[in-house]
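Enquirer: Here it is, the structure, as structure tokens.
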Amino acid sequence: MPPTLNPIDLVSRVNRDVERSLLRARNGVRYVRGSHAPPVGTTPKEVVWRRGKAELWRYRNGAVRYGPPVLIVHSLVSRSYILDLRPGNSLVEHLTAAGLDVFLLDWGVPDELDADNDLARYLDFYLPRAVAAVRRESGAQEVTLAGYCLGGVLAALYAAAHKEAPVRNLVLMATPLNFDEMGAMVAFLREGRLDADALIDDTGNVPADVLYSGFYMQAPTTEIAQKATLLQNLWNDEFVSGFQVMAQWSRDHVPFPGALFRELVDEFVRKNVLMSGSIRVGGRTVNLADVRGNVLNAIAERDNVVPPAAVEPAMQLVGDPARREELRLPGGHVTFGTGRSAVKHTMPRLAGWIIDHSDECPEPKEW
Amino acid sequence: MSTRPLWLRAVHRLERAVGEPIESAVRTEVYFDLMSKATRTTGSAKRKLVGTSTSVLHVFNLPAGHDIRRMREQLSRMERRLNQLSEHVEELDPAHRHD
């Protein structure tokens, strides 16, 4: 027998559906018009150092209870606001609220002036200066260096290349070392296919839309399912805001510096040189095993951009075996920045590990 | 029980039915080879077209996009050199040393 509805339930369901239809219409118009885009990167911050396009941001969000400060090195492929996407859904906000002094190194949007930036430029110029700026600003002797995606590769190589680097802790988040396991993302660049120069444009960089196409082609039809889910939840302001910021970020790539791209193709992709544990940079050999601090290798188990198999070798290659730890997280590539799993698992566990490997300040400091 | 309405479940099922074979196809060696060839061919055609239009414009003593690009490259090289020099000067100042 079909379930019967009493008249009160029926009226309340009709009311709810009418209300939702109105909200859907309002949010639909806003979405199509592109108005009411929610703000991103809202944790209060100040620029404390800049060089070229690179900027070092220091976040202000309550008292600092633990040291050393955390310097996040962002990837060179995407926008850094993924790590501070929305209030309540932000790694930066979580770390600062936990009492850490958080800095983020943002690379900006490369143009012709950055086309010559190679690996040595990042390892021997930008990173030492950014670390020095963090120490100067915070008054700390050491830093916790946390790299996301390619930013993790830069962070690990910097810590290995500079034996005097004041890195107490190195946190690698979705950091690819085994490029043979990078799958479709790099398949076009293997020997005999495209040379790096085929993708570099007149500015000397790889255009952002080439990078976007690479990500888009991983799952070209999922947008349809996502849009259908959006349509169903269009009445829900919170859902629409979340959808808008993620959609914005996933399309918002930046050009990749040409000189570094050539090195990435020749050394990382074709020779898979990081798996040997060392690489020639700036005329000397950099050994990943020379990293002196504690190392945390954070792996997102459902990451299809940097698959776990590409990340796992850090446990054999980076730093002192006795000081390596692995953290497996139930999420995808963006779990380091946003999502329910990020808030529930990733952020607390990352903050917990960093705090466990930090010192408590005798007195909480405001800055 | 799922709270998703029937139409949404149908769209998701349809998307997976179409999407999974496409995703498998764009991960095959054949696809990578084809796309590499297509990119090379497009690039080569574009270069030929640019070469032809540049020659035509030069006949009339007009600058082509290629000339503007070369000028921009030269300007960028100069600006990079200036930046390097200012960095060297800054490094001489002990207040700006990073180590």
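Going through the structure tokens in order, the chains are called A, B, and so on, while each chain numbers its residues from 1 and the ligands are numbered from 1 in the order shown.
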Got a sec: who's within 9 Å of range 119-135 of chain A, counting only C-alpha atoms, leaving out chain neighbours fewer than 3 positions off, as a VMD selection string?

Expert: (chain A and resid 48 to 51 54 to 56 58 69 to 71 73 103 105 116 138 to 143 145 154 to 155 157 to 159 161 to 162 165 to 167 259 to 260 263 to 264 281 to 282) or (chain B and resid 97 to 99)

Enquirer: Considering only C-alpha atoms, return as a PyMOL selection string whatever protein or nucleic-acid residues lie within 10 Å of Ile200 in chain A, sequence-local ones (same chain, fewer than 3 positions apart) excluded.

Expert: chain A and resi 115+195-197+203-207+210+255-259+261-262

Enquirer: Would you put the residues from that selection into a file with all heavy atoms, as a compact mmCIF listing (two decimals), in the first residue's frame?

Expert:
# COMPACT_ATOMS: atom_id res chain seq x y z
N ALA A 115 60.52 33.57 -17.79
CA ALA A 115 60.73 32.43 -18.70
C ALA A 115 62.08 31.74 -18.44
O ALA A 115 62.22 30.55 -18.71
CB ALA A 115 60.64 32.90 -20.14
N ASP A 195 58.26 17.39 -27.46
CA ASP A 195 59.37 18.01 -26.75
C ASP A 195 58.81 19.19 -25.96
O ASP A 195 57.75 19.73 -26.31
CB ASP A 195 60.43 18.51 -27.73
CG ASP A 195 61.21 17.33 -28.29
OD1 ASP A 195 61.39 16.34 -27.56
OD2 ASP A 195 61.62 17.41 -29.46
N ALA A 196 59.54 19.59 -24.94
CA ALA A 196 59.06 20.68 -24.09
C ALA A 196 58.73 21.91 -24.92
O ALA A 196 57.72 22.58 -24.71
CB ALA A 196 60.11 21.01 -23.04
N ASP A 197 59.58 22.20 -25.93
CA ASP A 197 59.40 23.44 -26.70
C ASP A 197 58.10 23.46 -27.51
O ASP A 197 57.63 24.54 -27.86
CB ASP A 197 60.61 23.66 -27.61
CG ASP A 197 61.80 24.12 -26.79
OD1 ASP A 197 61.68 25.15 -26.12
OD2 ASP A 197 62.82 23.42 -26.78
N THR A 203 55.80 33.74 -25.02
CA THR A 203 56.30 34.39 -23.80
C THR A 203 57.44 33.59 -23.18
O THR A 203 58.07 34.02 -22.22
CB THR A 203 55.19 34.53 -22.74
OG1 THR A 203 54.83 33.22 -22.28
CG2 THR A 203 53.97 35.25 -23.27
N GLY A 204 57.68 32.38 -23.73
CA GLY A 204 58.75 31.53 -23.17
C GLY A 204 58.24 30.63 -22.07
O GLY A 204 59.02 29.93 -21.43
N ASN A 205 56.93 30.65 -21.83
CA ASN A 205 56.34 29.83 -20.77
C ASN A 205 55.30 28.87 -21.36
O ASN A 205 54.85 29.06 -22.49
CB ASN A 205 55.64 30.72 -19.74
CG ASN A 205 56.61 31.69 -19.09
OD1 ASN A 205 57.71 31.30 -18.69
ND2 ASN A 205 56.22 32.95 -19.00
N VAL A 206 54.93 27.88 -20.56
CA VAL A 206 53.82 27.01 -20.98
C VAL A 206 52.53 27.72 -20.60
O VAL A 206 52.33 28.07 -19.43
CB VAL A 206 53.89 25.64 -20.26
CG1 VAL A 206 52.75 24.74 -20.72
CG2 VAL A 206 55.23 24.97 -20.50
N PRO A 207 51.65 27.98 -21.57
CA PRO A 207 50.44 28.73 -21.24
C PRO A 207 49.53 27.99 -20.26
O PRO A 207 49.52 26.75 -20.24
CB PRO A 207 49.73 28.90 -22.60
CG PRO A 207 50.60 28.32 -23.62
CD PRO A 207 51.71 27.57 -22.97
N VAL A 210 47.12 25.25 -21.55
CA VAL A 210 47.68 23.92 -21.83
C VAL A 210 47.62 23.08 -20.56
O VAL A 210 47.25 21.91 -20.58
CB VAL A 210 49.14 24.04 -22.34
CG1 VAL A 210 49.82 22.68 -22.37
CG2 VAL A 210 49.18 24.67 -23.72
N PRO A 255 50.68 30.28 -16.02
CA PRO A 255 51.72 29.79 -16.93
C PRO A 255 52.88 29.18 -16.15
O PRO A 255 53.15 29.59 -15.02
CB PRO A 255 52.17 31.06 -17.66
CG PRO A 255 51.03 32.01 -17.52
CD PRO A 255 50.41 31.71 -16.19
N PHE A 256 53.55 28.23 -16.78
CA PHE A 256 54.66 27.53 -16.13
C PHE A 256 55.97 28.01 -16.75
O PHE A 256 56.12 27.98 -17.97
CB PHE A 256 54.49 26.03 -16.35
CG PHE A 256 55.33 25.17 -15.45
CD1 PHE A 256 54.82 24.72 -14.24
CD2 PHE A 256 56.61 24.83 -15.81
CE1 PHE A 256 55.60 23.93 -13.41
CE2 PHE A 256 57.40 24.04 -14.98
CZ PHE A 256 56.89 23.58 -13.79
N PRO A 257 56.92 28.45 -15.95
CA PRO A 257 58.17 29.00 -16.51
C PRO A 257 58.86 28.02 -17.47
O PRO A 257 59.08 26.86 -17.11
CB PRO A 257 59.03 29.26 -15.27
CG PRO A 257 58.03 29.42 -14.16
CD PRO A 257 56.91 28.50 -14.48
N GLY A 258 59.20 28.51 -18.66
CA GLY A 258 59.73 27.65 -19.72
C GLY A 258 61.00 26.91 -19.34
O GLY A 258 61.12 25.71 -19.59
N ALA A 259 61.95 27.61 -18.72
CA ALA A 259 63.25 26.97 -18.41
C ALA A 259 63.05 25.81 -17.44
O ALA A 259 63.63 24.73 -17.63
CB ALA A 259 64.21 28.00 -17.82
N PHE A 261 60.31 24.15 -17.10
CA PHE A 261 59.53 23.12 -17.79
C PHE A 261 60.46 22.21 -18.60
O PHE A 261 60.30 20.99 -18.62
CB PHE A 261 58.48 23.77 -18.69
CG PHE A 261 57.54 22.78 -19.31
CD1 PHE A 261 56.63 22.08 -18.55
CD2 PHE A 261 57.59 22.54 -20.68
CE1 PHE A 261 55.77 21.15 -19.12
CE2 PHE A 261 56.73 21.62 -21.27
CZ PHE A 261 55.82 20.92 -20.49
N ARG A 262 61.46 22.83 -19.26
CA ARG A 262 62.41 22.01 -20.03
C ARG A 262 63.15 21.04 -19.11
O ARG A 262 63.33 19.87 -19.44
CB ARG A 262 63.42 22.92 -20.75
CG ARG A 262 62.81 23.67 -21.91
CD ARG A 262 63.86 24.45 -22.69
NE ARG A 262 63.20 25.30 -23.66
CZ ARG A 262 62.91 26.58 -23.44
NH1 ARG A 262 63.24 27.17 -22.31
NH2 ARG A 262 62.27 27.28 -24.36

Enquirer: With a distance threshold of 9 Å and counting only C-alpha atoms, extract the residues of chain B near chain A and express them as a VMD selection string.

Expert: chain B and resid 4 to 5 8 11 to 16 18 to 20 22 to 23 26 to 29 32 to 33 35 to 37 39 to 40 43 69 72 to 73 76 to 77 79 to 80 83 97 to 99

Enquirer: Limited to C-alpha atoms, could you put the picked residues into a file as a JSON list (two decimals), in the first residue's frame?

Expert:
[["chain", "number", "residue", "atom", "x", "y", "z"],
["B", 4, "ARG", "CA", 19.24, 11.92, -4.69],
["B", 5, "PRO", "CA", 16.23, 12.16, -6.97],
["B", 8, "LEU", "CA", 20.00, 12.96, -10.85],
["B", 11, "VAL", "CA", 22.31, 11.60, -15.15],
["B", 12, "HIS", "CA", 25.16, 10.31, -12.97],
["B", 13, "ARG", "CA", 24.74, 6.78, -14.34],
["B", 14, "LEU", "CA", 24.66, 8.07, -17.90],
["B", 15, "GLU", "CA", 27.70, 10.26, -17.32],
["B", 16, "ARG", "CA", 29.65, 7.26, -15.98],
["B", 18, "VAL", "CA", 29.82, 7.57, -21.34],
["B", 19, "GLY", "CA", 32.69, 8.92, -19.24],
["B", 20, "GLU", "CA", 34.41, 5.67, -18.28],
["B", 22, "ILE", "CA", 36.31, 8.07, -22.73],
["B", 23, "GLU", "CA", 38.59, 8.19, -19.68],
["B", 26, "VAL", "CA", 42.38, 9.13, -23.23],
["B", 27, "ARG", "CA", 44.80, 7.06, -21.18],
["B", 28, "THR", "CA", 45.89, 4.79, -24.01],
["B", 29, "GLU", "CA", 49.22, 4.97, -25.82],
["B", 32, "PHE", "CA", 48.91, 9.95, -26.50],
["B", 33, "ASP", "CA", 50.61, 9.28, -29.86],
["B", 35, "MET", "CA", 47.53, 13.90, -29.69],
["B", 36, "SER", "CA", 51.30, 14.36, -29.87],
["B", 37, "LYS", "CA", 51.13, 14.14, -33.67],
["B", 39, "THR", "CA", 49.96, 19.05, -31.62],
["B", 40, "ARG", "CA", 53.10, 18.82, -33.78],
["B", 43, "GLY", "CA", 52.32, 23.81, -34.54],
["B", 69, "ARG", "CA", 57.46, 39.33, -30.27],
["B", 72, "ARG", "CA", 59.19, 42.02, -26.46],
["B", 73, "GLU", "CA", 61.78, 39.27, -25.98],
["B", 76, "SER", "CA", 62.33, 41.15, -21.37],
["B", 77, "ARG", "CA", 66.00, 40.18, -21.67],
["B", 79, "GLU", "CA", 64.61, 43.88, -17.85],
["B", 80, "ARG", "CA", 65.89, 40.53, -16.60],
["B", 83, "ASN", "CA", 66.84, 42.84, -12.27],
["B", 97, "ARG", "CA", 71.97, 39.11, 3.06],
["B", 98, "HIS", "CA", 69.87, 35.98, 3.31],
["B", 99, "ASP", "CA", 72.26, 33.76, 5.21]]

Enquirer: Which one is closest to Met173 in chain A: A:Tyr148, A:Trp249, A:Tyr212, A:Tyr31? Count only C-alpha atoms.

Expert: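 Smallest separation from Met173 in chain A among the options: A:Tyr148.
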
Enquirer: As a short mmCIF file (atom, residue, chain, number, x, y, z; two decimals) with C-alpha atoms, in the first residue's frame, please: all residues of range 42-95 of chain A that backbone DSSP puts in alpha helix (DSSP H).

Expert:
data_model
loop_
_atom_site.label_atom_id
_atom_site.label_comp_id
_atom_site.auth_asym_id
_atom_site.auth_seq_id
_atom_site.Cartn_x
_atom_site.Cartn_y
_atom_site.Cartn_z
CA LEU A 91 44.39 24.67 5.62
CA VAL A 92 45.96 28.04 6.39
CA GLU A 93 43.10 29.01 8.68
CA HIS A 94 43.30 25.63 10.43
CA LEU A 95 47.05 25.85 11.02
#
